[in-house]
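All remarks here apply to the structure that follows.
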Amino acid sequence: MSDPQRKAIIIGGGLVGSLCACFMARRGYKVVVFEKREDIRKFPEKRGRSINLSLSDRGRAALRLVGLEEVVLKASIAMRGRLLHGVDGTTKSVLYDPVKNQVNDKYLSPYRYINLKTPIEADYPQVFIGDAILKNNAYFSRFCNNPYYFNLQCIYSVGRNFLNQILLAAAETYPNVSLYFNHKLIRSNINEGNVTVLNTETYETFEDTADLIIGADGAFSALRRSLQQCHLFNYSQNYIEHGYLELSIPAKRNDQMVPNHLHIWPRGQFMMIALPNKDGSWTVTLFMPFQRFEELNCDEKVVQFFGVTFPDAVPLIGEQELTEQFFKRKPSALISIKATLHHFGSKFLIIGDAAHAMVPFYGQGMNAGFEDCIILNELLDKTEDIEEAIKEYSKVRIEDAHAICDLAMYNYIEMRDLVTKPTFYLRKRLDNLLSGLFPDTWVPLYNSVCFSRMKYTKCIENRKWQDA
């Protein structure tokens with residue numbers, strides 16, 4: 001039941017914080033959001049993180065509850081599967097769910113369709129889908145965008161800045177929401193139940209309090225840090241030895257990319273991926289050990305390395321653009337964070353990356369954070385006692401948060417290495433067969449994580465008995 005007299009403070013106006021503000025506002029809370037950075041709607045170029053995010057079922061469910069799913073999907077690009085690039089330049093499409101994404105003549109009637117046994121003209125781009133080849137990307141793009149295909153299982157590439165702007169604008173439509181940018185959390189007092197905030201423009205500090213104080217301020221959460229002295233609170237952070245560097249394929253070369261796929265260049269100990277942008281460009285991310293990055297210390301070494309390791313990517317990025325982009329910024333680190341408590345005292349709670357930052361290889365960071373908002377909302381539906389609700393939140397969410405952090409680490413191994421092995425495709429065929437025969441019983445791991453709201457711990461349990 002909503003209570004218009006109650007107040008919630010949210011630290012962080014990023015993706016999870018702004019979505020959480022919408023949920024709390026719909027409950028009738030007076031919501032105050034403190035964001036340490038500028039308003040992204042005025043200074044979008046100042047946000048330096050990846051411009052691409054993968055939106056899947058958990059995130060879509062949260063957006064649906066606040067009435068934003070449709071507007072976000074219309075501005076996103078569907079990715080039906082992975083397109084794997086071999087060192088020899090060959091490509092292979094692996095659909096996320098071939099059972100539901102099956103190509104058949106009923107839906108291909110307007111498009112050019114041929115059997116694999118038919119000779120292929122060398123001058124046509126080729127798209128492999130099951131036992132079919134669509135000979136022209138334009139036809140494939142038209143097929144992917146028809147209403148039937150739009151509803152099939154896929155993940156969506158969405159711009160981070162765009163999504164953050166949509167969520168902030170949505171939060172601002174509620175008269176009971178106030179957004180304060182350039183406001184940084186300095187400290188929190190669990191005993192008194194208040195926070196101290198600094199206005200970074202005027203350098204004035206002030207205290208504020210609320211019935212519920214939520215930290216949604218990212219992996220390096222100021223709220224979590226200020227609460228780390230709490231009794232029985234432990235957390236771990238783990239930097240992996242691999243970093244990432246972003247490159248770009250310009251829109252003018254978009255016609256050379258197979259559409260509606262997540263492109264992956266798996267190379268054993270490292271990999272490169274590419275996600276589509278709405279403007280026709282592609283964001284390319286190279287994940288690699290820092291030591292390898294350090295070895296590529298001049299233009300010649302970079303060009304030689306890419307020419308040998310990612311030969312088909314060089315003409316897509318452009319040789320000159322490649323060297324310019326490679327040395328434009330340093331590789332960024334990847335961190336995984338787990339916390340043993342998500343609530344503190346009677347009113348403090350951390351969600352999103354503040355509670356469970358993860359490496360990006362399952363594309364679940366944002367989706368898990370959005371699902372946090374659903375779970376909190378559902379618990380507040382069950383009880384008006386905030387302290388009881390946040391205690392229960394910790395109880396039901398911590399194991400799942402740890403599970404998805406572990407799954408994200410595992411999926412890096414799959415994406416960079418296992419997808420190149422015959423056993424991966426044998427397992428994929430088995431999963432496709434059994435999930436087609438027993439859709440309610442046999443749910444492949446990837447499908448359970450990305451195309452359902454099954455608890456992450458249950459996803460792992462399912463995989464274990466499937467492997468038994």
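Starting from 1 in every chain, residues are counted up; chains themselves are A, B, ... following the order of the structure tokens, and ligands are numbered from 1 as listed.
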- Message: What's around A:Leu227 at 9 Å? Count only C-alpha atoms, leave out sequence neighbours fewer than 5 positions away in its own chain, and write the answer as a list in words.
- Response: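 Answer for this query is Arg187, Ser188, Asn189, Ile190, Ala222, Phe233 and Phe344 of chain A.
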Can you write out the residues you just picked, keeping N, CA and C atoms, as a PDB file, in the first residue's frame?
```
ATOM      1  N   ARG A 187      29.017  11.142   3.745  1.00  0.00           N
ATOM      2  CA  ARG A 187      28.975  10.123   4.789  1.00  0.00           C
ATOM      3  C   ARG A 187      27.526   9.756   5.086  1.00  0.00           C
ATOM      4  N   SER A 188      27.366   8.623   5.719  1.00  0.00           N
ATOM      5  CA  SER A 188      26.046   8.206   6.191  1.00  0.00           C
ATOM      6  C   SER A 188      26.170   7.784   7.647  1.00  0.00           C
ATOM      7  N   ASN A 189      25.133   7.961   8.396  1.00  0.00           N
ATOM      8  CA  ASN A 189      25.120   7.623   9.820  1.00  0.00           C
ATOM      9  C   ASN A 189      23.992   6.625  10.063  1.00  0.00           C
ATOM     10  N   ILE A 190      24.399   5.369  10.238  1.00  0.00           N
ATOM     11  CA  ILE A 190      23.391   4.316  10.366  1.00  0.00           C
ATOM     12  C   ILE A 190      22.600   4.446  11.657  1.00  0.00           C
ATOM     13  N   ALA A 222      29.650   5.010  -2.727  1.00  0.00           N
ATOM     14  CA  ALA A 222      29.993   5.794  -1.542  1.00  0.00           C
ATOM     15  C   ALA A 222      29.166   5.345  -0.347  1.00  0.00           C
ATOM     16  N   PHE A 233      29.335  -7.070   8.389  1.00  0.00           N
ATOM     17  CA  PHE A 233      29.323  -6.773   6.953  1.00  0.00           C
ATOM     18  C   PHE A 233      30.684  -7.100   6.337  1.00  0.00           C
ATOM     19  N   PHE A 344      21.233  -2.417   5.854  1.00  0.00           N
ATOM     20  CA  PHE A 344      21.937  -1.981   7.048  1.00  0.00           C
ATOM     21  C   PHE A 344      20.942  -1.257   7.952  1.00  0.00           C
TER      22      PHE A 344
END
```
Name the residues in contact with stretch 294-307 of chain A at a cut-off of 10 Å, using only C-alpha atoms, excluding same-chain residues fewer than 5 positions from it; report them as a tab-separated table (two decimals) with N, CA, C and O atoms, in the first residue's frame.
```
chain	number	residue	atom	x	y	z
A	87	VAL	N	39.42	-16.99	-37.30
A	87	VAL	CA	40.66	-16.33	-37.70
A	87	VAL	C	40.80	-16.31	-39.22
A	87	VAL	O	41.40	-15.40	-39.79
A	289	PRO	N	44.22	-9.62	-21.74
A	289	PRO	CA	45.08	-9.39	-20.57
A	289	PRO	C	45.83	-8.06	-20.70
A	289	PRO	O	46.26	-7.68	-21.79
A	312	ASP	N	39.54	-9.92	-40.46
A	312	ASP	CA	38.36	-9.36	-41.11
A	312	ASP	C	37.86	-8.10	-40.43
A	312	ASP	O	37.03	-7.37	-40.99
A	313	ALA	N	38.36	-7.82	-39.23
A	313	ALA	CA	37.92	-6.62	-38.51
A	313	ALA	C	38.68	-5.37	-38.94
A	313	ALA	O	38.18	-4.25	-38.80
A	314	VAL	N	39.89	-5.54	-39.47
A	314	VAL	CA	40.71	-4.38	-39.84
A	314	VAL	C	40.03	-3.52	-40.90
A	314	VAL	O	39.92	-2.29	-40.74
A	315	PRO	N	39.55	-4.10	-42.02
A	315	PRO	CA	38.87	-3.24	-43.00
A	315	PRO	C	37.55	-2.67	-42.50
A	315	PRO	O	37.08	-1.64	-43.00
A	319	GLU	N	42.20	0.87	-40.96
A	319	GLU	CA	43.54	0.80	-40.37
A	319	GLU	C	43.93	2.07	-39.65
A	319	GLU	O	44.46	2.03	-38.54
A	320	GLN	N	43.68	3.22	-40.26
A	320	GLN	CA	44.02	4.48	-39.61
A	320	GLN	C	43.18	4.71	-38.38
A	320	GLN	O	43.69	5.11	-37.32
A	322	LEU	N	41.82	2.48	-36.57
A	322	LEU	CA	42.20	1.50	-35.57
A	322	LEU	C	43.32	2.01	-34.67
A	322	LEU	O	43.22	1.97	-33.44
A	323	THR	N	44.37	2.50	-35.26
A	323	THR	CA	45.51	2.97	-34.45
A	323	THR	C	45.15	4.23	-33.67
A	323	THR	O	45.58	4.40	-32.52
A	324	GLU	N	44.35	5.10	-34.28
A	324	GLU	CA	43.94	6.31	-33.56
A	324	GLU	C	43.10	5.97	-32.34
A	324	GLU	O	43.32	6.50	-31.24
A	326	PHE	N	42.93	3.04	-30.78
A	326	PHE	CA	43.62	2.15	-29.85
A	326	PHE	C	44.41	2.94	-28.81
A	326	PHE	O	44.47	2.56	-27.64
A	327	PHE	N	45.04	4.02	-29.25
A	327	PHE	CA	45.88	4.79	-28.34
A	327	PHE	C	45.19	6.04	-27.79
A	327	PHE	O	45.81	6.83	-27.08
A	330	LYS	N	43.46	4.55	-22.38
A	330	LYS	CA	44.05	3.34	-21.83
A	330	LYS	C	42.96	2.29	-21.59
A	330	LYS	O	41.79	2.63	-21.37
A	331	PRO	N	43.34	1.01	-21.59
A	331	PRO	CA	42.37	-0.04	-21.29
A	331	PRO	C	41.80	0.14	-19.88
A	331	PRO	O	42.49	0.58	-18.95
```
- Using DSSP on the backbone coordinates, identify the residues of stretch 270-302 of chain A assigned to helix (DSSP H, G or I); present them as a list of chain:residue names. A:Phe290, A:Gln291, A:Arg292, A:Phe293, A:Glu294, A:Glu295, A:Asp299, A:Glu300, A:Lys301, A:Val302
- What does the distance between atom CA of A:Ser236 and atom CA of A:Ala333 come to in Å, to one decimal place?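 For atom CA of A:Ser236 relative to atom CA of A:Ala333, the distance reads 16.0 Å.
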- Give me, please, the distance in Å between atom CA of A:Leu185 and atom CA of A:Gly365, quoted to one decimal.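 Those two atoms sit 22.9 Å apart.
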